[in-house]
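Chemist: model24.cif is reproduced below (mmCIF, C-alpha atoms and all ligand atoms).
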```cif
data_protein
#
loop_
_atom_site.label_atom_id
_atom_site.label_comp_id
_atom_site.auth_asym_id
_atom_site.auth_seq_id
_atom_site.Cartn_x
_atom_site.Cartn_y
_atom_site.Cartn_z
CA MET A 1 -135.38 22.46 43.77
CA THR A 2 -136.91 22.98 47.20
CA PRO A 3 -140.29 21.42 48.06
CA SER A 4 -141.95 24.85 48.10
CA THR A 5 -140.46 25.72 44.72
CA TYR A 6 -141.65 22.40 43.34
CA LYS A 7 -145.20 23.20 44.48
CA ILE A 8 -145.00 26.54 42.68
CA ARG A 9 -143.81 24.78 39.53
CA GLN A 10 -146.72 22.36 39.77
CA THR A 11 -149.11 25.29 40.06
CA ILE A 12 -147.61 26.98 36.99
CA CYS A 13 -148.20 23.74 35.05
CA GLU A 14 -151.77 23.56 36.31
CA VAL A 15 -152.44 27.14 35.25
CA GLY A 16 -150.94 26.30 31.85
CA GLN A 17 -153.25 23.32 31.50
CA ARG A 18 -156.27 25.49 32.20
CA LEU A 19 -155.15 28.14 29.72
CA TYR A 20 -154.82 25.47 27.03
CA ARG A 21 -157.96 23.54 27.96
CA PHE A 22 -160.09 26.67 27.93
CA ARG A 23 -158.63 27.75 24.57
CA MET A 24 -157.02 30.86 25.92
CA VAL A 25 -153.84 29.83 24.12
CA ALA A 26 -153.14 27.74 21.01
CA SER A 27 -150.13 25.63 20.15
CA ASN A 28 -147.09 26.94 22.08
CA ASP A 29 -148.53 30.40 22.71
CA GLY A 30 -148.71 32.20 26.02
CA ASN A 31 -146.44 32.32 29.04
CA ILE A 32 -146.62 32.28 32.83
CA SER A 33 -144.19 33.36 35.51
CA TYR A 34 -143.90 33.60 39.28
CA ARG A 35 -141.54 35.74 41.38
CA ILE A 36 -140.16 33.48 44.10
CA ASP A 37 -138.09 36.24 45.75
CA ASP A 38 -136.82 39.71 44.99
CA ASP A 39 -134.22 38.42 42.55
CA HIS A 40 -135.58 35.21 41.03
CA ILE A 41 -138.44 34.23 38.78
CA ILE A 42 -139.70 30.89 37.56
CA ALA A 43 -140.96 31.15 33.98
CA THR A 44 -142.40 28.90 31.34
CA PRO A 45 -139.99 27.68 28.66
CA THR A 46 -140.17 28.74 25.04
CA GLY A 47 -141.63 26.42 22.44
CA VAL A 48 -143.70 24.24 24.77
CA CYS A 49 -147.47 23.87 24.72
CA LYS A 50 -148.89 25.24 27.97
CA GLY A 51 -150.95 22.08 28.30
CA ASP A 52 -147.87 19.83 28.28
CA MET A 53 -145.47 21.46 30.70
CA THR A 54 -143.70 19.66 33.53
CA PRO A 55 -142.35 21.14 36.77
CA GLU A 56 -138.85 20.08 35.78
CA GLY A 57 -139.13 21.79 32.39
CA LEU A 58 -139.64 25.30 33.77
CA VAL A 59 -136.87 27.90 33.78
CA THR A 60 -135.41 29.96 36.61
CA VAL A 61 -134.11 33.42 35.71
CA ASP A 62 -132.87 36.36 37.72
CA ILE A 63 -134.61 39.71 37.73
CA HIS A 64 -132.48 40.76 34.74
CA GLY A 65 -133.53 37.72 32.70
CA ARG A 66 -130.29 35.75 33.04
CA VAL A 67 -130.97 32.02 33.08
CA GLN A 68 -130.15 30.41 36.42
CA GLY A 69 -131.47 26.94 35.67
CA GLY A 70 -133.46 25.05 33.06
CA GLY A 71 -133.70 25.73 29.34
CA HIS A 72 -134.69 28.82 27.39
CA PRO A 73 -137.37 31.06 28.90
CA SER A 74 -140.35 32.39 27.02
CA SER A 75 -139.70 34.97 24.33
CA GLU A 76 -141.97 37.37 26.23
CA LEU A 77 -139.90 37.21 29.41
CA ALA A 78 -139.03 40.90 29.04
CA MET A 79 -142.70 41.81 29.45
CA HIS A 80 -142.92 39.76 32.66
CA LEU A 81 -139.71 41.31 34.06
CA PHE A 82 -140.98 44.79 33.24
CA ILE A 83 -144.19 44.16 35.18
CA TYR A 84 -142.26 42.84 38.21
CA GLN A 85 -139.96 45.84 38.12
CA GLN A 86 -142.85 48.28 37.94
CA ARG A 87 -145.15 46.52 40.41
CA PRO A 88 -143.49 45.33 43.64
CA ASP A 89 -146.88 44.01 44.80
CA VAL A 90 -147.13 41.59 41.88
CA SER A 91 -145.83 38.02 42.20
CA ALA A 92 -147.36 36.32 39.14
CA VAL A 93 -147.94 37.19 35.49
CA VAL A 94 -150.05 35.39 32.88
CA HIS A 95 -149.97 36.20 29.17
CA ALA A 96 -152.44 34.54 26.82
CA HIS A 97 -154.41 34.98 23.60
CA PRO A 98 -158.03 34.39 24.73
CA ILE A 99 -160.27 34.40 21.67
CA TYR A 100 -162.79 37.09 22.61
CA ALA A 101 -160.44 39.35 24.53
CA THR A 102 -157.97 39.13 21.64
CA ALA A 103 -160.79 39.96 19.23
CA PHE A 104 -161.37 43.20 21.14
CA ALA A 105 -157.61 43.87 21.12
CA THR A 106 -157.48 43.18 17.40
CA ALA A 107 -160.43 45.46 16.69
CA GLY A 108 -158.70 48.25 18.61
CA LEU A 109 -161.32 48.24 21.37
CA ALA A 110 -160.50 48.77 25.03
CA MET A 111 -162.99 47.45 27.59
CA ASN A 112 -163.40 50.59 29.67
CA GLU A 113 -167.16 50.64 30.06
CA CYS A 114 -168.78 50.13 33.46
CA VAL A 115 -171.19 47.34 32.61
CA LEU A 116 -170.89 44.39 35.00
CA PRO A 117 -170.55 45.12 38.73
CA GLU A 118 -168.16 42.25 39.37
CA ILE A 119 -165.85 43.48 36.61
CA VAL A 120 -165.88 47.06 37.89
CA ILE A 121 -164.97 45.74 41.32
CA THR A 122 -162.39 43.16 40.37
CA LEU A 123 -160.69 44.41 37.22
CA GLY A 124 -161.88 47.98 36.83
CA ALA A 125 -161.31 49.35 33.36
CA ILE A 126 -159.35 47.18 30.94
CA PRO A 127 -157.19 49.39 28.75
CA LEU A 128 -155.75 48.62 25.33
CA ALA A 129 -151.97 48.99 25.08
CA GLN A 130 -150.71 50.03 21.68
CA TYR A 131 -149.16 47.41 19.44
CA GLY A 132 -145.60 46.31 20.16
CA THR A 133 -143.67 43.67 18.25
CA PRO A 134 -143.74 40.42 20.26
CA SER A 135 -140.47 39.37 21.91
CA THR A 136 -139.03 42.90 21.63
CA HIS A 137 -138.89 45.72 24.17
CA GLU A 138 -141.71 47.42 22.31
CA LEU A 139 -144.15 45.14 24.08
CA PRO A 140 -143.19 45.98 27.70
CA GLU A 141 -142.91 49.64 26.75
CA SER A 142 -146.48 49.56 25.47
CA LEU A 143 -147.59 48.65 29.02
CA ARG A 144 -145.87 51.61 30.66
CA PRO A 145 -148.90 53.96 30.63
CA TYR A 146 -151.13 51.33 32.27
CA VAL A 147 -149.07 48.96 34.37
CA HIS A 148 -149.35 50.89 37.64
CA ASP A 149 -153.12 51.29 37.62
CA HIS A 150 -154.38 48.09 36.02
CA ASP A 151 -154.03 44.36 36.62
CA ALA A 152 -155.48 43.33 33.23
CA ILE A 153 -154.38 44.90 29.94
CA LEU A 154 -155.30 44.14 26.34
CA LEU A 155 -152.37 44.04 23.90
CA ALA A 156 -153.32 45.48 20.50
CA ASN A 157 -153.34 42.90 17.69
CA HIS A 158 -151.94 40.33 20.08
CA GLY A 159 -153.70 39.19 23.27
CA ALA A 160 -153.82 40.09 26.94
CA VAL A 161 -151.73 40.10 30.09
CA THR A 162 -152.93 39.84 33.68
CA PHE A 163 -151.03 39.87 36.95
CA GLY A 164 -151.61 39.56 40.66
CA ARG A 165 -150.41 38.56 44.08
CA ASP A 166 -150.13 34.86 43.20
CA LEU A 167 -150.58 32.49 40.29
CA TRP A 168 -154.27 31.85 40.80
CA ASP A 169 -154.98 35.53 41.24
CA ALA A 170 -153.28 36.30 37.91
CA TYR A 171 -154.92 33.33 36.15
CA PHE A 172 -158.44 34.07 37.35
CA LYS A 173 -158.11 37.65 36.16
CA MET A 174 -157.39 36.28 32.69
CA GLU A 175 -160.36 33.91 32.90
CA ARG A 176 -162.59 36.73 34.15
CA LEU A 177 -161.37 39.06 31.39
CA GLU A 178 -162.19 36.50 28.71
CA HIS A 179 -165.60 35.76 30.19
CA TYR A 180 -166.37 39.49 30.23
CA ALA A 181 -165.21 39.86 26.63
CA GLN A 182 -167.61 37.10 25.56
CA ILE A 183 -170.50 38.78 27.34
CA LEU A 184 -169.64 42.19 25.90
CA PHE A 185 -169.36 40.71 22.42
CA LEU A 186 -172.77 39.04 22.69
CA ALA A 187 -174.38 42.14 24.20
CA ARG A 188 -173.23 44.09 21.16
CA GLN A 189 -174.94 41.55 18.90
CA LEU A 190 -178.13 42.27 20.87
CA GLY A 191 -178.01 46.00 20.37
CA GLY A 192 -175.27 47.07 22.73
CA GLU A 193 -174.54 46.97 26.42
CA ARG A 194 -176.27 49.35 28.83
CA GLY A 195 -173.71 51.03 31.03
CA LEU A 196 -174.19 51.54 34.75
CA ALA A 197 -174.90 55.14 35.72
CA SER A 198 -172.39 57.03 37.81
CA PRO A 199 -174.16 56.55 41.21
CA GLU A 200 -173.90 52.78 40.78
CA VAL A 201 -170.32 53.06 39.66
CA GLU A 202 -169.43 55.20 42.64
CA LYS A 203 -170.89 52.54 44.97
CA LEU A 204 -168.77 49.93 43.26
CA ARG A 205 -165.73 52.12 43.74
CA GLU A 206 -166.52 52.11 47.46
CA ILE A 207 -166.54 48.32 47.46
CA ARG A 208 -163.17 48.33 45.70
CA GLN A 209 -161.86 50.50 48.49
CA LYS A 210 -163.26 48.08 51.09
CA PHE A 211 -161.14 45.41 49.43
CA GLY A 212 -158.14 47.69 49.60
CA LEU A 213 -158.01 48.15 45.84
CA SER A 214 -156.86 51.70 45.83
CA GLY A 215 -154.64 51.33 42.78
CA PRO A 216 -156.48 50.08 39.73
CA THR A 217 -159.63 52.16 39.48
CA PRO A 218 -162.08 52.12 36.62
CA GLU A 219 -161.48 54.95 34.25
CA CYS A 220 -164.80 54.32 32.61
CA ILE A 221 -166.43 57.52 31.59
CA VAL A 222 -167.81 58.31 35.00
CA ALA A 223 -167.63 62.04 34.51
CA ASP A 224 -169.56 61.84 31.27
CA MET A 225 -172.10 59.50 32.80
CA ARG A 226 -172.53 61.77 35.80
CA ARG A 227 -173.06 64.76 33.56
CA GLN A 228 -175.66 62.90 31.51
CA HIS A 229 -177.31 61.54 34.64
CA ASP A 230 -177.47 64.99 36.25
CA HIS A 231 -179.18 66.31 33.16
CA ASP A 232 -181.79 63.57 33.36
CA CYS A 233 -180.33 61.71 30.46
CA THR A 234 -182.86 60.17 28.10
CA CYS A 235 -180.44 58.54 25.73
CA GLY A 236 -181.50 55.10 26.93
CA LYS A 237 -177.91 53.93 27.41
CA HIS A 238 -177.82 54.47 31.15
CA THR A 239 -179.73 52.60 33.79
CA HIS A 240 -181.27 54.49 36.69
CA ALA A 241 -181.74 52.17 39.64
CA SER A 242 -183.19 53.52 42.87
CA GLU A 243 -180.98 54.10 45.91
CA THR A 244 -182.61 51.11 47.60
CA ASP A 245 -181.86 48.90 44.62
CA ILE A 246 -178.29 50.10 44.58
CA GLU A 247 -177.78 49.51 48.29
CA ARG A 248 -179.20 46.00 47.99
CA LEU A 249 -177.08 45.28 44.94
CA ILE A 250 -173.93 46.49 46.63
CA ASP A 251 -174.59 44.46 49.74
CA GLU A 252 -175.31 41.31 47.74
CA ILE A 253 -172.17 41.73 45.70
CA TYR A 254 -170.04 42.50 48.70
CA GLN A 255 -171.33 39.50 50.63
CA GLU A 256 -170.75 37.27 47.63
CA LEU A 257 -167.31 38.52 46.85
CA LYS A 258 -165.73 39.03 50.23
CA HIS A 259 -165.07 35.32 50.65
CA ASP A 260 -163.94 34.87 47.07
CA PHE A 261 -161.61 37.73 46.40
CA TRP A 262 -158.45 38.89 48.01
CA PRO A 263 -158.95 37.41 51.46
CA GLU A 264 -155.33 38.33 52.03
CA ARG A 265 -154.88 40.79 49.22
CA ARG A 266 -151.28 41.72 48.64
CA SER A 267 -150.31 40.51 52.05
CA GLY A 268 -147.47 38.36 50.86
CA ARG A 269 -146.56 35.82 48.26
CA SER A 270 -147.94 32.37 47.98
CA ASN A 271 -148.84 30.12 45.13
ZN ZN B 301 -148.44 36.47 22.90
#
```
Once you've parsed the file, please lay out its structure as structure tokens.
Ligand SMILES: [Zn+2]
Modeler:
Amino acid sequence: MTPSTYKIRQTICEVGQRLYRFRMVASNDGNISYRIDDDHIIATPTGVCKGDMTPEGLVTVDIHGRVQGGGHPSSELAMHLFIYQQRPDVSAVVHAHPIYATAFATAGLAMNECVLPEIVITLGAIPLAQYGTPSTHELPESLRPYVHDHDAILLANHGAVTFGRDLWDAYFKMERLEHYAQILFLARQLGGERGLASPEVEKLREIRQKFGLSGPTPECIVADMRRQHDHDCTCGKHTHASETDIERLIDEIYQELKHDFWPERRSGRSN
């Protein structure tokens, strides 16, 4: 175990502790992995609470899932391997069962609406993959329609998976997803969220492009919103900020986010 590998293992344990502490997993649920090179992955072991892992207890597997060191890897390893195979830019995967996000997944609800600017910029639309039996190849197959264009995916009747350039990138996407799910849930208790109109969404798309996020784009119903906006929609569901407001909003968000997100987006692997 090299010093750099040990540091990665420590980070996986720290991410696991946060998942457990923030109730995004229960008991032994959830799994985390990190791609250390083109052929090798460090993954969490099966049957261990994510809050109680040790660096020495993690498992090394090759890209085909064959164990190279340690005990038995997570039963959802196939899902992690599928994501690595489909996304060369991804170096870390986090799977969890966050309460609110899983509630949406259980209710059959994707989170595709353009509601919060930060979510549009950072995660885009969050699709719902159809149900696949856990620990079988049904689960990775369910991701196939979405894995290339999204970094956060709900798993029907199961949970969620997020991935990114490093462990913290993948973890914070899960945390952000769950936070958004809580807000969306509460907004619906208060009469329903008010979606951003297409001009605002288009500005947010531009910010995504500034960050180099050309892949995962929101598929939220921009066309429908634009059509309703163009026809001077009076349905009350869409906000209509002035151009000045939008420009100010975009600038504020960009200034706030540029130091927080992807300072070296997809420019290499690190933990
Ligand atoms: Zn699961």
Chemist: Set the cut-off to 12 Å, count all atoms listed in the file, and list whatever residues fall near ligand ZN 301 (chain B) as a VMD selection string.
Modeler: chain A and resid 24 to 32 46 74 to 77 79 to 80 94 to 98 102 105 131 to 136 139 to 140 154 to 161
Chemist: Can those selected residues be exported to a file as an mmCIF file, in the coordinates of the input so that it contains C-alpha atoms?
Modeler:
```cif
data_model
loop_
_atom_site.group_PDB
_atom_site.id
_atom_site.type_symbol
_atom_site.label_atom_id
_atom_site.label_comp_id
_atom_site.auth_asym_id
_atom_site.auth_seq_id
_atom_site.Cartn_x
_atom_site.Cartn_y
_atom_site.Cartn_z
ATOM 1 C CA MET A 24 -157.020 30.860 25.920
ATOM 2 C CA VAL A 25 -153.840 29.830 24.120
ATOM 3 C CA ALA A 26 -153.140 27.740 21.010
ATOM 4 C CA SER A 27 -150.130 25.630 20.150
ATOM 5 C CA ASN A 28 -147.090 26.940 22.080
ATOM 6 C CA ASP A 29 -148.530 30.400 22.710
ATOM 7 C CA GLY A 30 -148.710 32.200 26.020
ATOM 8 C CA ASN A 31 -146.440 32.320 29.040
ATOM 9 C CA ILE A 32 -146.620 32.280 32.830
ATOM 10 C CA THR A 46 -140.170 28.740 25.040
ATOM 11 C CA SER A 74 -140.350 32.390 27.020
ATOM 12 C CA SER A 75 -139.700 34.970 24.330
ATOM 13 C CA GLU A 76 -141.970 37.370 26.230
ATOM 14 C CA LEU A 77 -139.900 37.210 29.410
ATOM 15 C CA MET A 79 -142.700 41.810 29.450
ATOM 16 C CA HIS A 80 -142.920 39.760 32.660
ATOM 17 C CA VAL A 94 -150.050 35.390 32.880
ATOM 18 C CA HIS A 95 -149.970 36.200 29.170
ATOM 19 C CA ALA A 96 -152.440 34.540 26.820
ATOM 20 C CA HIS A 97 -154.410 34.980 23.600
ATOM 21 C CA PRO A 98 -158.030 34.390 24.730
ATOM 22 C CA THR A 102 -157.970 39.130 21.640
ATOM 23 C CA ALA A 105 -157.610 43.870 21.120
ATOM 24 C CA TYR A 131 -149.160 47.410 19.440
ATOM 25 C CA GLY A 132 -145.600 46.310 20.160
ATOM 26 C CA THR A 133 -143.670 43.670 18.250
ATOM 27 C CA PRO A 134 -143.740 40.420 20.260
ATOM 28 C CA SER A 135 -140.470 39.370 21.910
ATOM 29 C CA THR A 136 -139.030 42.900 21.630
ATOM 30 C CA LEU A 139 -144.150 45.140 24.080
ATOM 31 C CA PRO A 140 -143.190 45.980 27.700
ATOM 32 C CA LEU A 154 -155.300 44.140 26.340
ATOM 33 C CA LEU A 155 -152.370 44.040 23.900
ATOM 34 C CA ALA A 156 -153.320 45.480 20.500
ATOM 35 C CA ASN A 157 -153.340 42.900 17.690
ATOM 36 C CA HIS A 158 -151.940 40.330 20.080
ATOM 37 C CA GLY A 159 -153.700 39.190 23.270
ATOM 38 C CA ALA A 160 -153.820 40.090 26.940
ATOM 39 C CA VAL A 161 -151.730 40.100 30.090
#
```
Chemist: With all atoms listed in the file as the atoms that count, which of A:Leu123, A:Val90, A:Ile153, A:Ala129 lies nearest to Gly108 (chain A)?
Modeler: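 Nearest to Gly108 (chain A): A:Ala129.
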Chemist: Produce the centre coordinates and the three edge lengths, each in Å to one decimal, of the box along x, y and z that contains all listed atoms of region 31-41 of chain A with 8 Å added on each side, as AutoDock Vina command-line options.
Modeler:
```
--center_x -140.4 --center_y 36.0 --center_z 37.4 --size_x 28.4 --size_y 23.4 --size_z 32.7
```
Chemist: Under the rule that only C-alpha atoms are counted, which of A:Phe185, A:Trp168, A:Phe163, A:Tyr84 is the nearest residue to Leu109 (chain A)?
Modeler: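 Ranked by minimum distance to Leu109 (chain A), first place goes to A:Phe185.
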Chemist: In Å, rounded to a single decimal, give me how far CA of Asp38 (chain A) is from CA of Asp169 (chain A).
Modeler: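 Separation of CA of Asp169 (chain A) and CA of Asp38 (chain A): 19.0 Å.
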Chemist: Counting all atoms listed in the file, what is within 12 Å of Glu14 (chain A), bar same-chain residues fewer than 3 positions away, as JSON, numbers by chain?
Modeler: {"A": [7, 8, 9, 10, 11, 17, 18, 19, 20, 21, 32, 44, 50, 51, 52, 53, 54, 55, 167, 168, 171, 271]}
Chemist: Using only C-alpha atoms, which residue out of A:Pro199, A:Gly191, A:Pro88, A:Gly16 lies closest to Cys49 (chain A)?
Modeler: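 For Cys49 (chain A), the nearest of the candidates is A:Gly16.
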Chemist: Show me as a list of chain:residue names the residues that reach within 12 Å of (-137.0, 46.7, 38.9), counting all atoms listed in the file and using the file's own coordinates.
Modeler: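 Returned residue set, sorted by chain then number, is A:Asp38, A:Asp39, A:His40, A:Asp62, A:Ile63, A:His64, A:Gly65, A:Ala78, A:His80, A:Leu81, A:Phe82, A:Ile83, A:Tyr84, A:Gln85, A:Gln86, A:Arg87, A:Pro88, A:Asp89, A:Val90.
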Chemist: Could those selected residues go to a file with C-alpha atoms, as a PDB file, in the frame of the given file?
Modeler:
```
ATOM      1  CA  ASP A  38    -136.820  39.710  44.990  1.00  0.00           C
ATOM      2  CA  ASP A  39    -134.220  38.420  42.550  1.00  0.00           C
ATOM      3  CA  HIS A  40    -135.580  35.210  41.030  1.00  0.00           C
ATOM      4  CA  ASP A  62    -132.870  36.360  37.720  1.00  0.00           C
ATOM      5  CA  ILE A  63    -134.610  39.710  37.730  1.00  0.00           C
ATOM      6  CA  HIS A  64    -132.480  40.760  34.740  1.00  0.00           C
ATOM      7  CA  GLY A  65    -133.530  37.720  32.700  1.00  0.00           C
ATOM      8  CA  ALA A  78    -139.030  40.900  29.040  1.00  0.00           C
ATOM      9  CA  HIS A  80    -142.920  39.760  32.660  1.00  0.00           C
ATOM     10  CA  LEU A  81    -139.710  41.310  34.060  1.00  0.00           C
ATOM     11  CA  PHE A  82    -140.980  44.790  33.240  1.00  0.00           C
ATOM     12  CA  ILE A  83    -144.190  44.160  35.180  1.00  0.00           C
ATOM     13  CA  TYR A  84    -142.260  42.840  38.210  1.00  0.00           C
ATOM     14  CA  GLN A  85    -139.960  45.840  38.120  1.00  0.00           C
ATOM     15  CA  GLN A  86    -142.850  48.280  37.940  1.00  0.00           C
ATOM     16  CA  ARG A  87    -145.150  46.520  40.410  1.00  0.00           C
ATOM     17  CA  PRO A  88    -143.490  45.330  43.640  1.00  0.00           C
ATOM     18  CA  ASP A  89    -146.880  44.010  44.800  1.00  0.00           C
ATOM     19  CA  VAL A  90    -147.130  41.590  41.880  1.00  0.00           C
TER      20      VAL A  90
END
```
Chemist: I'd like the interatomic distance between CA of Gln130 (chain A) and CA of Ala152 (chain A), to a tenth of an Å.
Modeler: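 Going from CA of Gln130 (chain A) over to CA of Ala152 (chain A), I get 14.2 Å.
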Chemist: For the atom pair CA of Ile42 (chain A) and CA of Leu58 (chain A), what is the interatomic distance in Å to one decimal place?
Modeler: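 So the answer is 6.8 Å.
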Chemist: Which polymer residues have any atom within 6 Å of an atom of Ser91 (chain A), counting all atoms listed in the file, with same-chain residues fewer than 4 positions away left out, as a list in words?
Modeler: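 Final neighbour list, sorted by chain and number: Tyr34, Arg35, Arg165 and Asp166 of chain A.
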Chemist: Of the residues A:Leu143, A:Ala125, A:Ala43, A:Cys13, which is the one nearest to Leu177 (chain A), using all atoms listed in the file?
Modeler: A:Ala125
Chemist: Would you please work out which residue, of A:Ala101, A:Thr106, A:Glu206, A:Ser198, is nearest to Ile183 (chain A) when using only C-alpha atoms?
Modeler: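 Ranked by minimum distance to Ile183 (chain A), first place goes to A:Ala101.
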Chemist: Nearest to Arg176 (chain A) among A:Leu128, A:Ile207, A:Val59, A:Ile119, with distances taken over only C-alpha atoms: which residue is it?
Modeler: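 Of A:Leu128, A:Ile207, A:Val59, A:Ile119, the one nearest Arg176 (chain A) is A:Ile119, counting only C-alpha atoms.
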